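Input: a single structure, listed below in structure tokens.
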Amino acid sequence: MTGPAPVRRPLASYVVGSTGLRRPSADAWRTAGITVGCVALAMALAALLVTISDGSPSEVVDALYTGSIADAAGWSQTFVNAAPLLLVALGACIANRAGVFNIGQEGQLLIGAMVGCFVALRLQGPAWLVITVALVAAAAGGGAWSGISAAMYYTRGVNVVVTTLLLTFVAAQVVQFAVLSPSLLQEQGMGNGPARPQSDAVPEFLRLASFGQYPDLTIGVGAILAVVATVVLAVLLGRSRWGFRLSMLGLNPLAARHAGIRASRLGGSALVLSGAFAGLAGGVILMGTVFRLQPAISNNFGWDGLLVALVARSRPGLALPVAVLFGGLRAGSSYLASTGVPSYLVDVIQALLVLAFVVPPVLSALWGRRIRNRGAVPESPARPSAAAPAKEEVPV
Amino acid sequence: MSHDRARTDGLVPALELRGISKRYGPVVACDAVDLTVQRGEVHGLLGENGAGKSTLMKVLMGLVHADAGEVHRDGRRVEIDTPLQAAEHGLGMVHQHFSLIEPLTVWENVALGEPGRIDKDAVCADVEAVGKRYGLVVDPTRTVERLSAGERQRVELIKALRRDPRVLILDEPTSVLTIAESAALFDVLRTAVAAEGRGVILISHKLAEITAATDVVSVLRRGRLAFSCRTADTSAPELARQMVGRDVSLHAEGAALGLVVTDDPAKHLSPVLAGGLDAVPAEPPAPQVSADVQGTAALALHGLCVTGPDGRVLLDSLDLEVATGEIVALYGVEGNGQATLGDLLSGLLEPDAGTVRVDGTDVVLDRPGALHEAGVGVIPEDRHRSGVVLDMSVAENLVMTDLRRYSGRLLMRRAQVRAQAQELIERFAIRTPSIDAPLRTLSGGNQQRVVLARELSAGPTVLVAAQPTHGLDVGAIEDMYARLREAAASGVAVLLISTELEEVMALASRIAVISSGRITGVLDVAEASPQRLGMLVGGEAA
């Protein structure tokens with residue numbers, strides 16, 4: 001082929017994540033530009049919706065702002081929401097690096113919360129020990145749940161995306177069953193009225209501490225945990241032999257095998273680890289904010305955390321700011337709901353804004369490829385589009 | 001118009017390119033190239049990789065827009081913006097890499113991309129009619145993935161010819177074909193050209209093909225038309241010189257250009273296609289160590305059996321030994337188990353039965369990386385598939401098989417990785433913008449050098465080179481040959497898996513022939529004649 005072949009990376013590699021090589025800044029600028037456009041479009045659509053339903057767009061914007069970043073209390077809420085998102089995203093980064101696409105974080109998070117709840121309510125001992133054991137158990141629960149998918153994939157070749165997704169619904173049923181069974185986790189009735197489908201509250205002294213006092217900035221243990229994990233993981237993925245091997249496995253499994261990597265061991269452990277991070281997020285939510293196991297405790301943190309990892313292109317360092325952004329959106333939306341805007345509208349607005357941040361990188365990648373294809377020779381042997389349409393790889 | 005006619009003695013050329021230029025950033029891919037193809041003429045286009053051949057053809061096919069220049073068809077100026085327009089103007093192309101969809105049948109592939117309703121019976125009838133007319137027999141209802149490389153090539157040709165192109169472009173059509181298949185292909189071309197007045201552009205970097213099969217030849221060098229004349233008026237050495245831009249030693253590098261030197265001094269250079277059957281090795285290899293192979297085999301394969309997922313026997317109790325310092329070639333038609341053996345020796349699959357011994361020790365084959373640790377270096381047939389990670393950097397690709405050597409308990413030792421990469425880049429003359437550049441940005445030859453550098457830097461006992469020069473240009477091929485000889489001279493046992501007779505003859509001291517997953521014979525290169533090899537390739541004992 002002729003000339004310097006333009007760098008054309010498969011779209012999948014945007015998900016799998018790069019290995020520290022820097023992409024051309026033209027792409028970054030394009031992505032930024034598209035993002036601004038998308039956010040503006042989402043805001044415009046949201047404003048339209050609010051106007052149609054007799055609300056005031058300016059009040060909505062004000063509420064979103066007040067609830068997330070206007071003051072210390074807003075920031076506190078943002079961080080409370082960002083911590084589990086970040087933990088889930090870190091797990092997704094690991095799995096994506098290894099080329100196994102775990103999309104069942106929502107279920108792994110539920111199982112983690114359930115196992116953590118069980119330990120917190122049943123285990124006797126000093127608070128620090130029970131808290132630690134409960135968090136470790138939550139991680140182990142999430143890891144075991146994704147481990148089922150890993151076992152199915154590496155022994156029988158069952159697709160990971162399918163099993164992790166479907167196991168999410170199984171997990172929801174399991175948690176439902178647990179909080180409906182008095183012998184398991186259903187709350188002990190207070191005598192008046194039937195017991196509700198939720199567990200007893202985790203006792204005060206077992207709740208995760210937070211530093212700072214309302215209305216000042218408060219930072220929970222969960223957030224600190226998430227940030228520390230981010231730093232550790234960023235170093236490990238970027239610098240360690242383990243991270244190198246994960247990338248190799250994700251980017252070219254056959255070359256990895258030639259280099260002595262056993263996919264079932266490395267990829268399987270990556271999948272288990274990603275489930276463990278989701279489970280830990282479940283434990284943090286349970287013991288940091290909700291305190292009771294409820295079927296709705298996961299509250300889309302699993303799905304949104306996965307989105308964070310996708311937007312951050314599986315880079316822990318990028319996942320941190322993206323998680324804060326998404327956390328802010330969640331915090332702002334809760335505040336918005338408390339101002340009386342109908343909750344369905346809040347959901348739609350939040351979804352629009354999330355989309356506005358998720359779509360641009362993919363759009364930019366597609367667009368960039370088109371520009372390069374038009375102006376230059378693709379680096380692989382060209383196939384005439386009339387004879388055989390070029391195969392486009394679509395992430396996940 | 002009138003001056004066109006004057007220039008071509010009243011003949012309107014089927015195709016004329018005038019002053020085609022194309023730049024990619026600072027790189028000039030085509031620089032004011034003129035090219036004229038007459039009706040009924042086979043026009044050879046020679047040039048190394050990067051000389052601009054592919055860009056020129058992409059301009060013709062509407063895949064790339066030229067910055068300047070005009071295309072004329074039958075004397076009329078035409079604009080070609082899309083591949084569909086190219087087809088409308090009667091231009092058809094057969095690409096170097098097959099663009100067939102494997103799970104589909106022959107007739108479906110042939111009909112693919114055509115507008116309007118698809119009539120299976122009509123297409124099938126067409127395939128058979130075209131096949132009969134040109135001697136390209138293939139069953140239209142067969143699935144492409146079950147076809148051999150030669151049959152796939154036929155499908156591509158049928159597909160192009162069915163659209164009745166006035167100018168047919170063939171891009172390296174023989175790179176995966178056997179000698180016999182190549183010869184058959186050129187017979188077809190002759191028919192299509194002479195009897196029907198089509199024009200053909202044949203792109204190649206095999207000189208033998210060009211001299212045997214073309215009427216006119218043009219040479220591109222660094223984007224410019226370096227040379228053009230009637231094939232009868234030039235010679236292979238002249239063309240080689242024009243292509244590379246310097247004199248090429250035909251003994252050392254002849255094989256790189258697809259030449260085999262014959263005994264007959266009058267026919268100093270005899271193209272394989274014309275006089276291939278009385279050819280002898282281009283260079284008798286120096287080390288003749290076959291006498292005491294038994295005792296010192298560095299690599300010994302015994303009774304290897306592999307069955308494919310569809311139950312097909314891929315390797316059928318294959319035995320082969322390679323001694324220290326020896327180059328043994330495994331020669332045969334593509335698809336007879338070479339790829340399976342390559343995968344096996346790369347550690348990508350485990351045999352159903354049989355052993356691999358390296359330096360007298362059995363290798364535990366179910367552990368990934370065991371072969372590499374035992375000292376088996378592999379240059380895989382398809383480097384993109386298992387040899388490299390395109391999205392990792394050059395440095396990372398250079399160390400990836402020996403990570404423990406370049407890391408502490410947990411973290412990689414970056415400085416050590418960089419130092420090693422720097423050293424290998426210099427030692428193996430790898431041309432790369434930087435050691436951190438993604439491997440994807442390197443040319444094919446340099447990617448191949450990265451693989452070679454990495455595998456040799458581990459100090460292997462055995463080096464398996466599967467089609468090591470496939471898709472490389474002359475310079476890179478010469479370099480690869482020199483490196484393989486050097487490796488053998490330094491005591492590495494080299495197993496060369498190749499389908500190129502010239503390559504096998506030029507490099508190996510012994511030639512093992514594989515057919516249907518078995519070794520049908522092993523010949524010393526001195527006793528290997530193309531006839532005997534041909535019989536063995538066909539599965540007969542010689």
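Identifiers for the structure tokens are assigned positionally: chains receive A, B, ... in sequence, residues are indexed from 1 per chain, and ligands are indexed from 1 in the order shown.
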So that each row is one residue of chain B with an atom at most 6 Å from chain A, can you give its shortest atom pair and the distance in Å to one decimal, using only C-alpha atoms, rows by chain and rising number, as JSON lines?
```
{"residue": "B:Val27", "atom": "CA", "partner": "A:Gly3", "partner_atom": "CA", "distance": 5.7}
{"residue": "B:Ala29", "atom": "CA", "partner": "A:Thr2", "partner_atom": "CA", "distance": 5.9}
{"residue": "B:Gly50", "atom": "CA", "partner": "A:Thr2", "partner_atom": "CA", "distance": 4.5}
{"residue": "B:Gly52", "atom": "CA", "partner": "A:Thr2", "partner_atom": "CA", "distance": 5.9}
{"residue": "B:Gly113", "atom": "CA", "partner": "A:Ala386", "partner_atom": "CA", "distance": 4.9}
{"residue": "B:Ser346", "atom": "CA", "partner": "A:His258", "partner_atom": "CA", "distance": 5.6}
{"residue": "B:Gly347", "atom": "CA", "partner": "A:His258", "partner_atom": "CA", "distance": 5.6}
{"residue": "B:Pro368", "atom": "CA", "partner": "A:Gly260", "partner_atom": "CA", "distance": 4.2}
{"residue": "B:Gly369", "atom": "CA", "partner": "A:Gly260", "partner_atom": "CA", "distance": 3.4}
{"residue": "B:Ser386", "atom": "CA", "partner": "A:Ala255", "partner_atom": "CA", "distance": 4.1}
{"residue": "B:Gly387", "atom": "CA", "partner": "A:Ala255", "partner_atom": "CA", "distance": 5.5}
{"residue": "B:Val389", "atom": "CA", "partner": "A:Asn252", "partner_atom": "CA", "distance": 5.7}
{"residue": "B:Thr401", "atom": "CA", "partner": "A:Ala259", "partner_atom": "CA", "distance": 4.4}
{"residue": "B:Leu410", "atom": "CA", "partner": "A:Ser240", "partner_atom": "CA", "distance": 5.5}
{"residue": "B:Leu411", "atom": "CA", "partner": "A:Ser240", "partner_atom": "CA", "distance": 3.8}
{"residue": "B:Met412", "atom": "CA", "partner": "A:Ser240", "partner_atom": "CA", "distance": 5.2}
```
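The closest residue to A:Pro126, picked from A:Val354, A:Ala95, A:Leu206, A:Ala319 and counting only C-alpha atoms, is A:Leu206.
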Inset, instruction - Calculate how many Å separate atom CA of B:Asp171 from atom CA of B:Ile203, rounding to one decimal. - result: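 The value is 4.8 Å.
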Inset, instruction - Check the DSSP output for the backbone and give back, as a count of residues only, the residues of stretch 180-338 of chain A in strand (DSSP E or B). - result: 5
Legend entry - All helix (DSSP H, G or I) positions in stretch 97-196 of chain B, as a ChimeraX atom specification: /B:106-111,120-134,144-146,149-162,179-195
Legend entry - Spatial neighbours of stretch 516-532 of chain B, 6 Å, only C-alpha atoms, chain gap at least 4 places, as a list in words: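 In the requested format, the answer is Leu277, Leu314, Leu315, Asp316, Leu318, Asn336, Gly337, Ser509, Arg510, Ile511, Ala512, Leu536 and Ala542 of chain B.
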Output file for the selection above: C-alpha atoms, as a PDB file, in the first residue's frame:
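Just written: part_38.pdb:
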```pdb
ATOM      1  CA  LEU B 277      10.612 -27.667 -15.508  1.00  0.00           C
ATOM      2  CA  LEU B 314      -5.575 -31.842   8.737  1.00  0.00           C
ATOM      3  CA  LEU B 315      -2.366 -33.571   9.782  1.00  0.00           C
ATOM      4  CA  ASP B 316      -2.028 -37.293   9.259  1.00  0.00           C
ATOM      5  CA  LEU B 318       3.291 -36.273  10.209  1.00  0.00           C
ATOM      6  CA  ASN B 336      -2.421 -29.323   2.718  1.00  0.00           C
ATOM      7  CA  GLY B 337      -1.817 -28.909   6.423  1.00  0.00           C
ATOM      8  CA  SER B 509      19.183 -27.878   2.046  1.00  0.00           C
ATOM      9  CA  ARG B 510      16.430 -30.465   2.264  1.00  0.00           C
ATOM     10  CA  ILE B 511      12.897 -30.259   0.979  1.00  0.00           C
ATOM     11  CA  ALA B 512      10.060 -32.147   2.618  1.00  0.00           C
ATOM     12  CA  LEU B 536       5.275 -35.524  -4.436  1.00  0.00           C
ATOM     13  CA  ALA B 542       8.829 -39.946  -6.319  1.00  0.00           C
TER      14      ALA B 542
END
```
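Note that atom CA of B:Thr105 and atom CA of B:Pro165 are 22.7 Å apart.
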Inset, instruction - Quick one: everything within 7 Å of B:Arg221, counting only C-alpha atoms, minus sequence neighbours fewer than 6 positions away in the same chain. Send it as JSON, numbers by chain. - result: {"B": [47, 51, 243]}
Inset, instruction - Find the spatial neighbours of stretch 494-501 of chain B, counting only C-alpha atoms, within a cut-off of 7 Å - ignore same-chain residues fewer than 6 positions away - and output them as a list in words. - result: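 Neighbouring residues, sequence-local ones excluded: Val322, Glu326, Ile327, Val328, Ala329, Leu330, Tyr331, Gly332, Val333, Glu334, Gln338, Val462, Leu463, Val464, Ala465, Ala466, Gln467 and Ala488 of chain B.
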Inset, instruction - Might you pull out every residue within 8 Å of A:Val322, with only C-alpha atoms counted and same-chain residues fewer than 4 positions away left off, and present them as number ranges by chain? - result: A: 308, 311-312, 318, 326
Inset, instruction - Determine, counting only C-alpha atoms, which protein, DNA and RNA residues have an atom within 8 Å of an atom of stretch 100-102 of chain A; residues of the same chain fewer than 2 positions away are not included. Present the result as an MDAnalysis selection string. - result: chainID A and resid 92 95:98 104:105 146 160:161 164:165 250 267 271 274 396
Inset, instruction - For atom CA of A:Leu310 and atom CA of A:Ala42, determine how far apart the two atoms are, in Å to one decimal place. - result: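 Separating atom CA of A:Leu310 from atom CA of A:Ala42 is a distance of 19.3 Å.
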